[in-house]
Amino acid sequence: MGELSQRKLDIHRKFHHETESKGEEFTMNAKSLLAESLHEDARQALYLLCDHWKMTVLRHAKEEENGWYQELADDEEVRPMMLGFRRDHYLLERFITDLDAKLTEGEPLAEVMMYADGFLKLLHYHNELEEKFLAQREEENL
Ligand SMILES: [Fe+2]
Ligand SMILES: [Fe+2]
């Protein structure tokens, strides 16, 4: 996503929603495979999920940090908000690093799944806050 699109609520929100619901779908799929005791399939589904989050959310986070967020850093009033967003990104990345490691180490999948759930919740709150912030900015600029 380009720097200009990051500042546009409608484009940005659409991206959030699409990547989030795709990831939710992958998570649900892994869960139902696990519920059916199809462990190897569930493991593969979790690897797919991990890749999805890396290619979409983590990449998007880096783009924001190198783009839109840079501009927010110069504004005293919104700087603390931006630092909060960066902390969210850090935690999202931690979830994926741990999820990945636990999968590779062969930890019980029910435990790995908790990381997948945690990521999804945190992502949802983060996206919600970013969208709220963008909506406020657009309103102020009217
Ligand atoms: Fe973000
Ligand atoms: Fe975003």
# chains A, B, ... in the order shown; residues from 1 in each chain; ligands from 1

call {"tool": "residues_around", "arguments": {"residues": "Met1 in chain A", "least_positions_apart": "6", "cutoff": "10 Å", "atoms": "only C-alpha atoms", "output": "list in words"}}
result
Ile11, His12, Phe15, Arg59, His60, Glu63, Glu64 and Gly67 of chain A

call {"tool": "write_last_selection", "arguments": {"atoms": "N, CA and C atoms", "output": "JSON list (two decimals), in the first residue's frame"}}
result
[["chain", "number", "residue", "atom", "x", "y", "z"],
["A", 11, "ILE", "N", -9.67, 3.33, 1.67],
["A", 11, "ILE", "CA", -8.73, 2.35, 1.09],
["A", 11, "ILE", "C", -8.06, 1.53, 2.20],
["A", 12, "HIS", "N", -7.63, 2.27, 3.22],
["A", 12, "HIS", "CA", -6.92, 1.64, 4.34],
["A", 12, "HIS", "C", -7.84, 0.64, 5.07],
["A", 15, "PHE", "N", -8.39, -2.54, 3.10],
["A", 15, "PHE", "CA", -7.23, -3.43, 3.22],
["A", 15, "PHE", "C", -7.26, -4.19, 4.56],
["A", 59, "ARG", "N", 4.00, -6.93, 6.74],
["A", 59, "ARG", "CA", 4.51, -6.10, 5.66],
["A", 59, "ARG", "C", 3.84, -4.71, 5.68],
["A", 60, "HIS", "N", 2.54, -4.71, 5.87],
["A", 60, "HIS", "CA", 1.78, -3.46, 5.96],
["A", 60, "HIS", "C", 2.30, -2.60, 7.12],
["A", 63, "GLU", "N", 5.44, -0.89, 6.13],
["A", 63, "GLU", "CA", 5.14, 0.20, 5.19],
["A", 63, "GLU", "C", 4.61, 1.42, 5.93],
["A", 64, "GLU", "N", 3.78, 1.18, 6.92],
["A", 64, "GLU", "CA", 3.23, 2.31, 7.70],
["A", 64, "GLU", "C", 4.34, 3.02, 8.46],
["A", 67, "GLY", "N", 6.25, 5.06, 6.17],
["A", 67, "GLY", "CA", 5.47, 6.04, 5.40],
["A", 67, "GLY", "C", 4.67, 6.97, 6.29]]

call {"tool": "closest_atom_pairs", "arguments": {"of": "chain A", "to": "ligand 2", "cutoff": "12 Å", "atoms": "only C-alpha atoms and all ligand atoms", "output": "CSV"}}
result
residue,atom,partner,partner_atom_place_in_ligand_line,distance
A:Met1,CA,ligand 2,1 (Fe),9.4
A:Gly2,CA,ligand 2,1 (Fe),11.5
A:Glu3,CA,ligand 2,1 (Fe),11.0
A:Ser5,CA,ligand 2,1 (Fe),10.1
A:Gln6,CA,ligand 2,1 (Fe),7.0
A:Arg7,CA,ligand 2,1 (Fe),9.3
A:Lys8,CA,ligand 2,1 (Fe),10.4
A:Leu9,CA,ligand 2,1 (Fe),9.6
A:Asp10,CA,ligand 2,1 (Fe),11.4
A:Ile11,CA,ligand 2,1 (Fe),10.0
A:His12,CA,ligand 2,1 (Fe),6.3
A:Arg13,CA,ligand 2,1 (Fe),7.6
A:Lys14,CA,ligand 2,1 (Fe),9.9
A:Phe15,CA,ligand 2,1 (Fe),7.8
A:His16,CA,ligand 2,1 (Fe),6.4
A:His17,CA,ligand 2,1 (Fe),10.1
A:Glu18,CA,ligand 2,1 (Fe),11.7
A:Thr19,CA,ligand 2,1 (Fe),10.5
A:Glu20,CA,ligand 2,1 (Fe),11.0
A:Thr56,CA,ligand 2,1 (Fe),10.3
A:Val57,CA,ligand 2,1 (Fe),8.0
A:Leu58,CA,ligand 2,1 (Fe),10.0
A:Arg59,CA,ligand 2,1 (Fe),10.2
A:His60,CA,ligand 2,1 (Fe),6.6
A:Ala61,CA,ligand 2,1 (Fe),6.6
A:Lys62,CA,ligand 2,1 (Fe),9.8
A:Glu63,CA,ligand 2,1 (Fe),9.0
A:Glu64,CA,ligand 2,1 (Fe),6.8
A:Glu65,CA,ligand 2,1 (Fe),9.8
A:Gly67,CA,ligand 2,1 (Fe),11.1
A:Trp68,CA,ligand 2,1 (Fe),9.5
A:Tyr69,CA,ligand 2,1 (Fe),10.1
A:Met82,CA,ligand 2,1 (Fe),11.4
A:Phe85,CA,ligand 2,1 (Fe),9.1
A:Arg86,CA,ligand 2,1 (Fe),10.8
A:Asp88,CA,ligand 2,1 (Fe),10.9
A:His89,CA,ligand 2,1 (Fe),9.8
A:Leu123,CA,ligand 2,1 (Fe),9.5
A:His124,CA,ligand 2,1 (Fe),10.5
A:Tyr125,CA,ligand 2,1 (Fe),11.1
A:His126,CA,ligand 2,1 (Fe),8.0
A:Asn127,CA,ligand 2,1 (Fe),5.9
A:Glu128,CA,ligand 2,1 (Fe),9.1
A:Leu129,CA,ligand 2,1 (Fe),9.3
A:Glu130,CA,ligand 2,1 (Fe),6.3
A:Glu131,CA,ligand 2,1 (Fe),7.7
A:Lys132,CA,ligand 2,1 (Fe),11.1
A:Phe133,CA,ligand 2,1 (Fe),10.7
A:Leu134,CA,ligand 2,1 (Fe),9.8

call {"tool": "select_by_dssp", "arguments": {"residues": "chain A", "states": "alpha helix (DSSP H)", "output": "number ranges by chain"}}
result
A: 3-6, 9-35, 39-53, 59-66, 68-73, 79-104, 109-140

call {"tool": "write_last_selection", "arguments": {"atoms": "C-alpha atoms", "output": "compact mmCIF listing (two decimals), in the first residue's frame"}}
result
# COMPACT_ATOMS: atom_id res chain seq x y z
CA GLU A 3 1.97 6.22 1.37
CA LEU A 4 -0.97 8.21 0.03
CA SER A 5 -3.38 5.28 0.39
CA GLN A 6 -2.31 4.79 4.01
CA LEU A 9 -9.62 5.91 5.46
CA ASP A 10 -11.69 4.03 2.85
CA ILE A 11 -8.73 2.35 1.09
CA HIS A 12 -6.92 1.64 4.34
CA ARG A 13 -10.04 0.21 6.02
CA LYS A 14 -10.76 -2.01 3.02
CA PHE A 15 -7.23 -3.43 3.22
CA HIS A 16 -7.59 -4.08 6.96
CA HIS A 17 -10.93 -5.82 6.52
CA GLU A 18 -9.81 -8.02 3.64
CA THR A 19 -6.60 -9.23 5.28
CA GLU A 20 -8.33 -9.68 8.63
CA SER A 21 -11.19 -11.77 7.30
CA LYS A 22 -8.86 -13.92 5.20
CA GLY A 23 -6.76 -14.59 8.31
CA GLU A 24 -9.88 -15.29 10.33
CA GLU A 25 -10.90 -17.85 7.73
CA PHE A 26 -7.47 -19.56 7.95
CA THR A 27 -7.69 -19.57 11.76
CA MET A 28 -11.17 -21.12 11.76
CA ASN A 29 -10.04 -23.72 9.25
CA ALA A 30 -7.06 -24.72 11.42
CA LYS A 31 -9.37 -24.91 14.44
CA SER A 32 -11.89 -27.20 12.82
CA LEU A 33 -9.12 -29.48 11.51
CA LEU A 34 -7.76 -29.70 15.04
CA ALA A 35 -11.25 -30.41 16.41
CA HIS A 39 -3.22 -32.86 13.39
CA GLU A 40 -0.97 -32.77 10.35
CA ASP A 41 -3.56 -30.84 8.32
CA ALA A 42 -4.07 -28.44 11.21
CA ARG A 43 -0.30 -27.89 11.40
CA GLN A 44 -0.15 -27.10 7.68
CA ALA A 45 -3.10 -24.73 8.06
CA LEU A 46 -1.27 -22.90 10.84
CA TYR A 47 1.82 -22.54 8.65
CA LEU A 48 -0.39 -21.08 5.94
CA LEU A 49 -1.89 -18.68 8.45
CA CYS A 50 1.57 -17.63 9.61
CA ASP A 51 2.61 -16.89 6.02
CA HIS A 52 -0.56 -14.94 5.40
CA TRP A 53 0.05 -12.69 8.41
CA ARG A 59 4.51 -6.10 5.66
CA HIS A 60 1.78 -3.46 5.96
CA ALA A 61 3.11 -2.52 9.41
CA LYS A 62 6.61 -1.89 8.02
CA GLU A 63 5.14 0.20 5.19
CA GLU A 64 3.23 2.31 7.70
CA GLU A 65 6.31 2.82 9.84
CA ASN A 66 8.31 3.95 6.81
CA TRP A 68 2.43 7.49 7.13
CA TYR A 69 3.83 7.18 10.68
CA GLN A 70 6.89 9.29 9.79
CA GLU A 71 4.62 12.26 9.23
CA LEU A 72 2.84 11.66 12.56
CA ALA A 73 6.18 11.70 14.37
CA ARG A 79 3.09 11.42 18.33
CA PRO A 80 2.05 9.42 21.46
CA MET A 81 -0.75 7.77 19.48
CA MET A 82 1.70 6.80 16.75
CA LEU A 83 4.10 5.35 19.33
CA GLY A 84 1.21 3.22 20.60
CA PHE A 85 0.59 1.97 17.08
CA ARG A 86 4.25 1.05 16.78
CA ARG A 87 4.07 -0.87 20.03
CA ASP A 88 1.05 -2.78 18.65
CA HIS A 89 3.14 -3.68 15.59
CA TYR A 90 5.94 -4.90 17.82
CA LEU A 91 3.52 -7.13 19.75
CA LEU A 92 1.94 -8.45 16.54
CA GLU A 93 5.39 -9.41 15.31
CA ARG A 94 6.14 -11.12 18.65
CA PHE A 95 3.01 -13.23 18.31
CA ILE A 96 4.09 -14.41 14.86
CA THR A 97 7.67 -15.10 15.92
CA ASP A 98 6.42 -17.22 18.82
CA LEU A 99 3.71 -18.92 16.78
CA ASP A 100 6.28 -19.84 14.15
CA ALA A 101 8.77 -21.12 16.74
CA LYS A 102 6.17 -23.20 18.58
CA LEU A 103 5.02 -24.78 15.32
CA THR A 104 8.58 -25.66 14.37
CA LEU A 109 -1.33 -27.43 18.55
CA ALA A 110 -3.95 -26.37 21.08
CA GLU A 111 -1.30 -24.13 22.62
CA VAL A 112 -0.12 -22.81 19.26
CA MET A 113 -3.73 -21.95 18.50
CA MET A 114 -3.84 -19.58 21.48
CA TYR A 115 -1.18 -17.47 19.77
CA ALA A 116 -3.23 -17.42 16.58
CA ASP A 117 -6.28 -16.25 18.54
CA GLY A 118 -4.27 -13.64 20.42
CA PHE A 119 -2.87 -12.26 17.20
CA LEU A 120 -6.31 -11.95 15.65
CA LYS A 121 -7.73 -10.07 18.65
CA LEU A 122 -4.79 -7.71 18.91
CA LEU A 123 -4.89 -7.05 15.17
CA HIS A 124 -8.58 -6.26 15.37
CA TYR A 125 -8.10 -3.69 18.15
CA HIS A 126 -5.11 -2.17 16.38
CA ASN A 127 -6.95 -1.78 13.08
CA GLU A 128 -9.95 -0.33 14.86
CA LEU A 129 -7.80 2.33 16.53
CA GLU A 130 -6.02 3.24 13.30
CA GLU A 131 -9.33 3.60 11.49
CA LYS A 132 -10.80 5.71 14.27
CA PHE A 133 -7.76 7.94 14.15
CA LEU A 134 -7.95 8.29 10.35
CA ALA A 135 -11.65 9.11 10.56
CA GLN A 136 -10.91 11.89 13.08
CA ARG A 137 -8.17 13.31 10.83
CA GLU A 138 -10.47 13.31 7.81
CA GLU A 139 -13.17 15.07 9.82
CA GLU A 140 -10.74 17.72 11.04
